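Q: I am sharing model29.cif, which consists of mmCIF, C-alpha atoms and all ligand atoms:
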```cif
data_my_file
#
loop_
_atom_site.label_atom_id
_atom_site.label_comp_id
_atom_site.auth_asym_id
_atom_site.auth_seq_id
_atom_site.Cartn_x
_atom_site.Cartn_y
_atom_site.Cartn_z
CA MET A 1 -76.73 165.71 14.62
CA ALA A 2 -80.24 164.86 15.82
CA ARG A 3 -81.73 167.43 18.20
CA PHE A 4 -82.04 165.35 21.39
CA ARG A 5 -83.17 166.88 24.68
CA LEU A 6 -80.53 167.30 27.37
CA SER A 7 -81.95 164.51 29.59
CA THR A 8 -81.98 162.08 26.64
CA ARG A 9 -78.43 163.05 25.77
CA LEU A 10 -77.17 162.38 29.29
CA LEU A 11 -78.95 159.04 29.46
CA LEU A 12 -77.69 158.03 26.04
CA SER A 13 -74.14 159.04 26.87
CA HIS A 14 -74.13 156.92 30.03
CA LEU A 15 -75.72 153.95 28.25
CA LEU A 16 -73.16 154.31 25.51
CA VAL A 17 -70.31 154.34 28.02
CA MET A 18 -71.69 151.22 29.69
CA VAL A 19 -72.28 149.36 26.45
CA VAL A 20 -68.80 150.18 25.17
CA GLY A 21 -67.17 149.11 28.47
CA LEU A 22 -69.04 145.85 28.84
CA GLY A 23 -68.86 145.11 25.12
CA THR A 24 -65.07 145.38 24.86
CA PHE A 25 -64.65 143.45 28.08
CA THR A 26 -66.81 140.53 26.90
CA LEU A 27 -65.51 140.53 23.35
CA ILE A 28 -61.83 140.46 24.25
CA ALA A 29 -62.32 138.00 27.11
CA LYS A 30 -64.47 135.69 24.94
CA PHE A 31 -62.09 135.53 21.99
CA SER A 32 -58.71 135.59 23.67
CA SER A 33 -59.28 133.26 26.70
CA PRO A 34 -59.82 130.01 24.69
CA ARG A 35 -56.81 130.88 22.53
CA PHE A 36 -54.57 131.22 25.56
CA PHE A 37 -56.06 127.98 26.91
CA VAL A 38 -55.38 126.04 23.69
CA LEU A 39 -51.85 127.40 23.65
CA ARG A 40 -51.30 125.98 27.11
CA LEU A 41 -52.75 122.57 26.14
CA GLU A 42 -50.44 122.36 23.14
CA GLN A 43 -47.46 123.03 25.39
CA LEU A 44 -48.74 120.17 27.61
CA GLU A 45 -49.03 117.74 24.75
CA GLN A 46 -45.49 118.50 23.58
CA ARG A 47 -44.13 117.48 26.94
CA GLY A 48 -46.27 114.19 26.96
CA LEU A 49 -45.03 113.09 30.39
CA VAL A 50 -47.53 114.61 32.84
CA THR A 51 -49.81 112.58 35.06
CA VAL A 52 -53.61 113.25 35.05
CA ARG A 53 -53.43 114.77 38.48
CA SER A 54 -50.64 117.16 37.66
CA ALA A 55 -52.29 117.89 34.25
CA ARG A 56 -55.54 118.99 35.97
CA THR A 57 -53.78 121.47 38.22
CA TYR A 58 -51.74 122.69 35.28
CA LEU A 59 -54.89 123.09 33.15
CA ILE A 60 -56.72 125.11 35.80
CA ASP A 61 -53.67 127.28 36.44
CA GLY A 62 -53.30 127.83 32.73
CA PHE A 63 -56.90 128.78 32.24
CA GLU A 64 -56.83 131.17 35.19
CA SER A 65 -53.74 132.91 33.94
CA ALA A 66 -55.29 133.14 30.44
CA TRP A 67 -58.49 134.63 31.84
CA ASN A 68 -56.56 137.08 34.01
CA SER A 69 -54.48 138.45 31.17
CA SER A 70 -57.61 138.75 28.97
CA SER A 71 -59.47 140.60 31.70
CA LEU A 72 -56.54 142.94 32.23
CA TRP A 73 -56.42 143.85 28.56
CA SER A 74 -60.15 144.27 28.26
CA VAL A 75 -60.25 146.53 31.35
CA ILE A 76 -57.40 148.66 29.98
CA ILE A 77 -58.77 148.98 26.43
CA GLY A 78 -62.47 149.17 27.44
CA GLY A 79 -61.85 151.64 30.25
CA THR A 80 -59.77 153.96 28.06
CA THR A 81 -62.26 153.92 25.18
CA ALA A 82 -65.33 154.39 27.38
CA GLY A 83 -63.62 157.10 29.45
CA GLY A 84 -62.54 158.98 26.33
CA LEU A 85 -66.01 158.77 24.83
CA SER A 86 -67.69 159.91 28.03
CA LEU A 87 -65.29 162.84 28.34
CA TRP A 88 -65.93 163.89 24.75
CA LEU A 89 -69.70 163.71 25.18
CA SER A 90 -69.80 165.60 28.46
CA GLN A 91 -67.56 168.30 27.03
CA ARG A 92 -69.96 168.76 24.15
CA ILE A 93 -72.74 169.34 26.67
CA THR A 94 -70.93 171.53 29.18
CA GLN A 95 -68.93 173.67 26.77
CA PRO A 96 -71.93 175.84 25.69
CA LEU A 97 -72.83 176.30 29.37
CA GLY A 98 -69.31 177.62 29.99
CA THR A 99 -69.65 180.02 27.04
CA MET A 100 -72.98 181.22 28.42
CA ALA A 101 -71.48 181.86 31.84
CA THR A 102 -68.68 183.94 30.28
CA ILE A 103 -71.17 185.96 28.22
CA THR A 104 -73.44 186.71 31.19
CA GLN A 105 -70.42 187.86 33.20
CA LYS A 106 -69.36 190.18 30.38
CA PHE A 107 -72.94 191.50 30.09
CA ALA A 108 -73.10 192.12 33.85
CA SER A 109 -69.84 194.06 33.66
CA GLY A 110 -71.44 196.50 31.19
CA GLN A 111 -70.72 195.03 27.76
CA LEU A 112 -74.37 195.30 26.71
CA GLN A 113 -73.73 194.32 23.08
CA GLU A 114 -72.88 190.71 24.10
CA ARG A 115 -75.33 188.07 22.81
CA MET A 116 -75.60 184.28 23.23
CA PRO A 117 -74.68 182.10 20.23
CA THR A 118 -77.02 179.29 19.14
CA THR A 119 -76.15 175.74 20.18
CA GLU A 120 -77.41 172.33 19.08
CA ILE A 121 -79.20 171.66 22.40
CA PRO A 122 -82.81 172.93 22.33
CA GLU A 123 -83.02 173.75 26.07
CA LEU A 124 -79.84 175.84 25.91
CA ASN A 125 -81.12 177.51 22.74
CA GLU A 126 -84.33 178.53 24.50
CA LEU A 127 -82.27 179.96 27.37
CA ALA A 128 -79.99 181.79 24.93
CA GLN A 129 -83.00 183.26 23.10
CA SER A 130 -84.61 184.54 26.33
CA PHE A 131 -81.28 186.00 27.39
CA ASN A 132 -80.90 187.74 24.01
CA ARG A 133 -84.43 189.17 24.25
CA MET A 134 -83.66 190.50 27.72
CA ALA A 135 -80.31 191.87 26.49
CA ASN A 136 -82.01 193.70 23.59
CA SER A 137 -84.54 195.27 25.90
CA LEU A 138 -81.88 196.31 28.45
CA GLU A 139 -79.69 197.76 25.72
CA GLY A 140 -82.71 199.74 24.43
CA VAL A 141 -83.49 201.07 27.91
CA GLU A 142 -79.87 202.12 28.39
CA LYS A 143 -79.79 203.80 24.96
CA ARG A 144 -83.04 205.69 25.67
CA ARG A 145 -81.73 206.72 29.10
CA ARG A 146 -78.60 208.19 27.54
CA GLU A 147 -80.62 209.95 24.81
CA LEU A 148 -83.03 211.34 27.42
CA ILE A 149 -80.22 212.80 29.50
CA GLY A 150 -78.66 214.32 26.36
CA ASP A 151 -81.98 215.79 25.17
CA LEU A 152 -82.85 217.05 28.63
CA THR A 153 -79.57 218.88 29.07
CA HIS A 154 -80.09 220.51 25.71
CA GLU A 155 -83.68 221.54 26.49
CA LEU A 156 -82.79 222.94 29.90
CA ARG A 157 -79.76 224.81 28.67
CA THR A 158 -81.63 227.12 26.25
CA PRO A 159 -83.99 228.87 28.73
CA LEU A 160 -81.31 228.90 31.42
CA THR A 161 -78.79 230.59 29.11
CA VAL A 162 -81.36 233.20 28.06
CA MET A 163 -82.27 233.94 31.68
CA ARG A 164 -78.64 234.12 32.82
CA GLY A 165 -77.87 236.54 29.94
CA TYR A 166 -80.69 238.91 30.93
CA LEU A 167 -79.87 238.72 34.63
CA GLU A 168 -76.17 239.42 34.03
CA GLU A 169 -76.99 242.43 31.87
CA LEU A 170 -79.41 243.69 34.51
CA SER A 171 -76.83 243.38 37.27
CA ASP A 172 -74.17 245.11 35.14
CA GLY A 173 -76.54 247.95 34.42
CA GLY A 174 -76.28 247.16 30.69
CA LEU A 175 -80.04 246.70 30.52
CA GLU A 176 -82.72 248.86 31.98
CA PRO A 177 -85.35 246.91 33.93
CA SER A 178 -88.64 247.14 32.08
CA PRO A 179 -91.96 245.31 32.20
CA GLU A 180 -91.15 243.69 28.80
CA LEU A 181 -87.88 242.36 30.14
CA TYR A 182 -89.54 240.86 33.18
CA LEU A 183 -92.19 239.34 30.90
CA ARG A 184 -89.44 237.70 28.86
CA LEU A 185 -87.96 236.27 32.05
CA VAL A 186 -91.38 235.04 33.09
CA ARG A 187 -91.82 233.42 29.66
CA GLU A 188 -88.55 231.51 30.03
CA THR A 189 -89.48 230.41 33.56
CA LYS A 190 -92.85 229.22 32.28
CA ARG A 191 -91.03 227.25 29.59
CA LEU A 192 -88.97 225.51 32.25
CA GLU A 193 -92.10 224.86 34.25
CA ARG A 194 -93.91 223.35 31.28
CA LEU A 195 -90.88 221.27 30.42
CA THR A 196 -90.63 219.75 33.89
CA HIS A 197 -94.39 219.13 34.00
CA ASP A 198 -94.39 217.42 30.57
CA LEU A 199 -91.35 215.38 31.50
CA GLN A 200 -93.00 214.17 34.67
CA GLU A 201 -96.08 213.12 32.70
CA LEU A 202 -93.95 211.40 30.07
CA SER A 203 -91.84 209.50 32.59
CA LYS A 204 -95.00 208.35 34.37
CA ALA A 205 -96.59 207.27 31.09
CA GLU A 206 -93.45 205.47 29.89
CA ALA A 207 -92.90 203.70 33.18
CA GLY A 208 -96.58 202.70 33.24
CA TYR A 209 -97.28 204.62 36.49
CA LEU A 210 -100.20 206.56 35.03
CA PRO A 211 -103.30 204.96 36.46
CA ILE A 212 -105.52 203.87 33.56
CA GLN A 213 -109.07 202.91 34.42
CA LEU A 214 -110.59 201.22 31.44
CA GLN A 215 -114.37 201.34 31.26
CA ARG A 216 -117.17 201.73 28.71
CA VAL A 217 -116.93 205.29 27.42
CA GLU A 218 -119.34 207.17 25.19
CA LEU A 219 -117.23 209.33 22.90
CA LEU A 220 -119.85 211.74 21.54
CA PRO A 221 -120.37 213.70 24.80
CA LEU A 222 -116.61 213.73 25.38
CA LEU A 223 -115.89 215.17 21.92
CA ARG A 224 -118.78 217.64 22.19
CA GLY A 225 -117.41 218.87 25.54
CA MET A 226 -113.95 219.30 24.01
CA VAL A 227 -115.24 221.34 21.06
CA GLU A 228 -117.24 223.60 23.38
CA ARG A 229 -114.28 224.12 25.67
CA PHE A 230 -111.94 225.11 22.81
CA GLN A 231 -114.58 227.20 21.01
CA ASP A 232 -114.80 229.48 24.04
CA GLN A 233 -111.09 230.30 23.65
CA LEU A 234 -111.22 231.10 19.93
CA ILE A 235 -111.32 234.74 18.94
CA ASP A 236 -113.54 235.49 15.90
CA ASP A 237 -114.08 231.78 15.39
CA ASN A 238 -110.74 231.56 13.59
CA PRO A 239 -109.87 228.81 12.74
CA ARG A 240 -113.32 227.24 12.73
CA LEU A 241 -113.74 224.24 14.99
CA ARG A 242 -116.21 221.61 13.82
CA LEU A 243 -117.45 218.26 15.13
CA ASP A 244 -118.33 215.48 12.70
CA CYS A 245 -119.53 212.49 14.67
CA PRO A 246 -122.48 210.11 14.09
CA VAL A 247 -124.96 209.83 16.97
CA ASP A 248 -124.87 206.03 16.88
CA LEU A 249 -121.11 205.81 17.49
CA PRO A 250 -120.30 202.55 19.37
CA MET A 251 -119.06 202.77 22.97
CA VAL A 252 -115.32 202.26 23.45
CA TRP A 253 -113.25 200.54 26.12
CA ALA A 254 -111.10 203.40 27.42
CA ASP A 255 -110.20 205.76 30.26
CA PHE A 256 -112.38 208.89 30.06
CA ASP A 257 -109.82 211.35 31.46
CA ARG A 258 -106.91 209.98 29.41
CA THR A 259 -108.94 210.03 26.19
CA GLU A 260 -109.88 213.63 26.98
CA GLN A 261 -106.17 214.40 27.48
CA VAL A 262 -105.32 212.81 24.09
CA VAL A 263 -108.01 214.82 22.26
CA MET A 264 -106.98 217.97 24.10
CA ASN A 265 -103.31 217.53 23.07
CA LEU A 266 -104.23 216.92 19.42
CA VAL A 267 -106.72 219.79 19.16
CA GLY A 268 -104.29 222.06 21.06
CA ASN A 269 -101.57 221.25 18.51
CA ALA A 270 -103.96 221.73 15.58
CA LEU A 271 -104.87 225.20 16.92
CA ARG A 272 -101.22 226.06 17.52
CA TYR A 273 -100.18 225.16 13.99
CA THR A 274 -103.26 226.43 12.09
CA GLU A 275 -103.54 230.17 11.46
CA ALA A 276 -106.79 230.10 9.53
CA GLY A 277 -109.18 227.61 8.00
CA GLU A 278 -110.83 224.74 9.76
CA ILE A 279 -110.16 222.11 12.37
CA THR A 280 -112.47 219.11 12.25
CA LEU A 281 -112.90 216.64 15.05
CA LYS A 282 -114.20 213.53 13.33
CA ALA A 283 -115.15 210.12 14.70
CA TRP A 284 -116.32 206.96 12.99
CA GLY A 285 -116.78 203.29 13.79
CA ALA A 286 -114.65 200.67 12.04
CA ASP A 287 -114.06 196.96 12.47
CA LYS A 288 -113.73 196.34 16.27
CA CYS A 289 -112.58 199.91 16.95
CA VAL A 290 -113.59 203.55 16.81
CA TRP A 291 -111.38 206.12 15.13
CA VAL A 292 -111.11 209.74 16.25
CA ALA A 293 -109.34 212.16 13.91
CA VAL A 294 -108.24 215.77 14.33
CA ILE A 295 -108.00 217.24 10.84
CA ASP A 296 -106.51 220.69 10.37
CA THR A 297 -105.71 222.99 7.45
CA GLY A 298 -102.53 224.35 9.04
CA VAL A 299 -98.83 224.41 8.25
CA GLY A 300 -98.52 220.62 7.87
CA ILE A 301 -95.45 218.45 8.35
CA ALA A 302 -92.91 217.48 5.67
CA ALA A 303 -93.06 213.82 4.58
CA ALA A 304 -89.44 213.30 5.70
CA ASP A 305 -90.34 214.51 9.21
CA LEU A 306 -93.46 212.37 9.66
CA PRO A 307 -91.71 209.29 11.15
CA TYR A 308 -90.34 211.43 13.99
CA VAL A 309 -93.38 213.40 15.15
CA PHE A 310 -94.16 211.03 18.03
CA GLU A 311 -90.59 211.04 19.30
CA ARG A 312 -90.00 213.09 22.42
CA PHE A 313 -88.33 216.49 22.01
CA TRP A 314 -88.87 216.37 18.26
CA ARG A 315 -90.08 219.63 16.71
CA ALA A 316 -90.42 220.41 13.02
CA ASP A 317 -89.20 223.92 13.42
CA ARG A 318 -87.23 224.54 16.56
CA SER A 319 -87.29 228.34 16.52
CA ARG A 320 -91.03 228.50 15.81
CA SER A 321 -91.83 226.00 18.54
CA LEU A 322 -89.52 227.74 20.97
CA HIS A 323 -91.53 230.85 20.29
CA SER A 324 -94.84 229.07 20.85
CA GLY A 325 -93.48 227.41 23.99
CA GLY A 326 -93.58 223.90 22.51
CA THR A 327 -91.46 221.26 24.18
CA GLY A 328 -91.87 218.43 21.66
CA ILE A 329 -93.10 216.10 24.40
CA GLY A 330 -96.87 216.42 23.89
CA LEU A 331 -97.15 213.87 21.07
CA ALA A 332 -94.85 211.38 22.83
CA ILE A 333 -97.21 211.47 25.84
CA THR A 334 -100.25 211.29 23.55
CA ARG A 335 -98.96 208.17 21.80
CA ARG A 336 -98.15 206.47 25.11
CA LEU A 337 -101.63 207.30 26.47
CA VAL A 338 -103.28 205.79 23.38
CA GLU A 339 -101.12 202.67 23.62
CA LEU A 340 -101.90 202.26 27.32
CA GLN A 341 -105.57 202.10 26.28
CA ASN A 342 -104.76 199.39 23.71
CA GLY A 343 -105.17 201.73 20.77
CA GLN A 344 -102.89 203.14 18.12
CA ILE A 345 -102.18 206.56 16.71
CA GLU A 346 -101.30 207.60 13.16
CA VAL A 347 -100.51 210.77 11.30
CA GLU A 348 -100.90 211.94 7.71
CA SER A 349 -99.77 215.35 6.64
CA GLU A 350 -98.82 217.55 3.74
CA LEU A 351 -96.72 220.67 4.05
CA ASP A 352 -98.80 223.89 3.85
CA ARG A 353 -101.97 221.84 3.39
CA GLY A 354 -102.66 220.49 6.85
CA SER A 355 -102.37 217.45 9.07
CA THR A 356 -104.59 214.61 10.23
CA PHE A 357 -103.80 212.95 13.53
CA LYS A 358 -106.07 209.94 14.18
CA PHE A 359 -106.21 207.36 16.92
CA CYS A 360 -108.36 204.31 17.50
CA LEU A 361 -109.78 202.74 20.64
CA PRO A 362 -111.25 199.23 20.96
CA VAL A 363 -115.04 198.91 20.84
CA ALA A 364 -116.49 197.98 24.26
P1 LIG A 401 -94.90 220.70 20.92
O1 LIG A 401 -95.04 220.99 22.37
O2 LIG A 401 -93.62 221.23 20.35
O3 LIG A 401 -96.10 221.05 20.11
P2 LIG A 401 -95.58 217.99 20.26
O4 LIG A 401 -94.95 216.71 20.66
O5 LIG A 401 -97.02 218.17 20.58
O6 LIG A 401 -94.69 219.11 20.89
O7 LIG A 401 -95.35 218.16 18.71
C1 LIG A 401 -94.10 217.90 18.14
C2 LIG A 401 -93.93 218.67 16.85
O8 LIG A 401 -94.79 218.12 15.85
C3 LIG A 401 -94.31 220.11 16.94
O9 LIG A 401 -93.23 220.90 17.40
C4 LIG A 401 -94.69 220.45 15.51
O10 LIG A 401 -93.52 220.75 14.77
C5 LIG A 401 -95.25 219.16 14.99
N1 LIG A 401 -96.75 219.15 15.01
C6 LIG A 401 -97.53 218.59 15.94
N2 LIG A 401 -98.84 218.75 15.62
C7 LIG A 401 -98.87 219.42 14.47
C8 LIG A 401 -99.92 219.90 13.61
N3 LIG A 401 -101.22 219.70 13.90
N4 LIG A 401 -99.58 220.56 12.48
C9 LIG A 401 -98.28 220.76 12.18
N5 LIG A 401 -97.23 220.35 12.93
C10 LIG A 401 -97.52 219.68 14.07
#
```
Please express what this file holds, its structure, as structure tokens.
A:
Amino acid sequence: MARFRLSTRLLLSHLLVMVVGLGTFTLIAKFSSPRFFVLRLEQLEQRGLVTVRSARTYLIDGFESAWNSSSLWSVIIGGTTAGGLSLWLSQRITQPLGTMATITQKFASGQLQERMPTTEIPELNELAQSFNRMANSLEGVEKRRRELIGDLTHELRTPLTVMRGYLEELSDGGLEPSPELYLRLVRETKRLERLTHDLQELSKAEAGYLPIQLQRVELLPLLRGMVERFQDQLIDDNPRLRLDCPVDLPMVWADFDRTEQVVMNLVGNALRYTEAGEITLKAWGADKCVWVAVIDTGVGIAAADLPYVFERFWRADRSRSLHSGGTGIGLAITRRLVELQNGQIEVESELDRGSTFKFCLPVA
């Protein structure tokens, strides 16, 4: 069936109803009235005894009765046909609306997997598509919320269990209080502290509450500052930290503090996962954007794990990261910060060879 707009359909359906009604009325009245009239005249002729005066009255009466019966039939047949047709057409239009109402009610009552079917009316299809887009996004939010609560409980449980274990042993007298023991407790508390801090940052970044002030930023001084800051913390210059950035690097459209935070997270990770060798902070201009890469010669990430590195709470090696105090949130925040500045972040890595994390920012 042709894809008419709803207004055209309604107009057409009414016109159709009118045409059918009037058409049947006229057709039946036009063809049957003269027949009835002729029938009456024939009856008159057979009698052959009527005067002109009485014949005139009889003729008019006859015609009137013929017309009346024709009209009655045309109204009955025309009305029924037109009514039936109108009912059928309006049902075709309103039925998808009824389905939509049922689906929205189900969705509101928590059945988030419900989706609108496609119909043959373009306006309703557009509505159904917008609803389905909204439903997908709401279902995603709900899924992430559930995952977050699950992950969070897991992350909180580990340090809490460790701390409770130590404290119980201390109170029982099973463990002697010692500076090492207190240091372990402090380490677990710090872990909880870092976790809550990272989570707060992540939730702000994901909800878009982190203020981002985009402006023209010169990357070279920013990267130089970063290298100097980290170099001061390195003992024996191991691993070596190097900057490879052309002096004529184009300015970028970014937030200075957030870009600094991104570089800091990436270099911090590179240092954490590189025992020896070199970490290079490299920048170069490309088509409409500037790339910044942090290249390390550290432990690397297995190819199978690469798709998950930017997911929150993901860690390649749980026990090692637990030891280093990693929460698995840093890269999730980093990716969000890059995206908020209209950039993108990528990773390449080879196990035991090293990793390259690179992000781009638009040229100002
Ligand atoms: P974490 O606080 O655990 O470092 P991140 O989100 O920053 O959290 O990193 C997630 C995981 O990705 C880390 O636990 C680690 O396994 C892996 N990873 C991140 N950066 C590197 C790197 N430069 N080299 C090797 N592995 C890395």
Q: Ranking A:Phe37, A:Trp314, A:Trp291, A:Phe131 by minimum distance to ligand LIG 401 (chain A) and counting all atoms listed in the file, which one comes first?
A: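 Among the listed residues, the smallest separation from ligand LIG 401 (chain A) belongs to A:Trp314.
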Q: Compute the set of protein, DNA and RNA residues whose minimum atom distance to ligand LIG 401 (chain A) is at most 9 Å, using all atoms listed in the file, and state it as number ranges by chain.
A: A: 198, 265-274, 294-302, 305-306, 308-318, 320-322, 324-334, 349, 351-352, 354-357
Q: So the first atom is CA of Glu142 (chain A) and the second is CA of Ser203 (chain A); what is the distance between them in Å, to one decimal place?
A: 14.7 Å
Q: Select, from A:Ser86, A:Asn342, A:Asn136, A:Gln233, the residue with the minimum atom-to-atom distance to Ser13 (chain A), counting all atoms listed in the file.
A: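 Of the candidates, the smallest distance to Ser13 (chain A) is held by A:Ser86.
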Q: What is the CA of Gln215 (chain A)-CA of Leu241 (chain A) distance in Å, reported with one decimal?
A: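 Between these atoms lies a distance of 28.1 Å.
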Q: Tell me, in Å to one decimal, how far CA of Lys143 (chain A) is from CA of Leu202 (chain A).
A: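 Distance reported for this atom pair: 16.9 Å.
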Q: Could you name the residues that touch Arg9 (chain A) at 9 Å or less, counting all atoms listed in the file, but leaving out those on the same chain fewer than 4 positions away, as a PDB file with C-alpha atoms, in the frame of the given file?
A:
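Below is the file around-v4.pdb, written as the result:
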```
ATOM      1  CA  PHE A   4     -82.040 165.350  21.390  1.00  0.00           C
ATOM      2  CA  ARG A   5     -83.170 166.880  24.680  1.00  0.00           C
ATOM      3  CA  SER A  13     -74.140 159.040  26.870  1.00  0.00           C
ATOM      4  CA  HIS A  14     -74.130 156.920  30.030  1.00  0.00           C
ATOM      5  CA  LEU A  89     -69.700 163.710  25.180  1.00  0.00           C
ATOM      6  CA  ILE A  93     -72.740 169.340  26.670  1.00  0.00           C
TER       7      ILE A  93
END
```
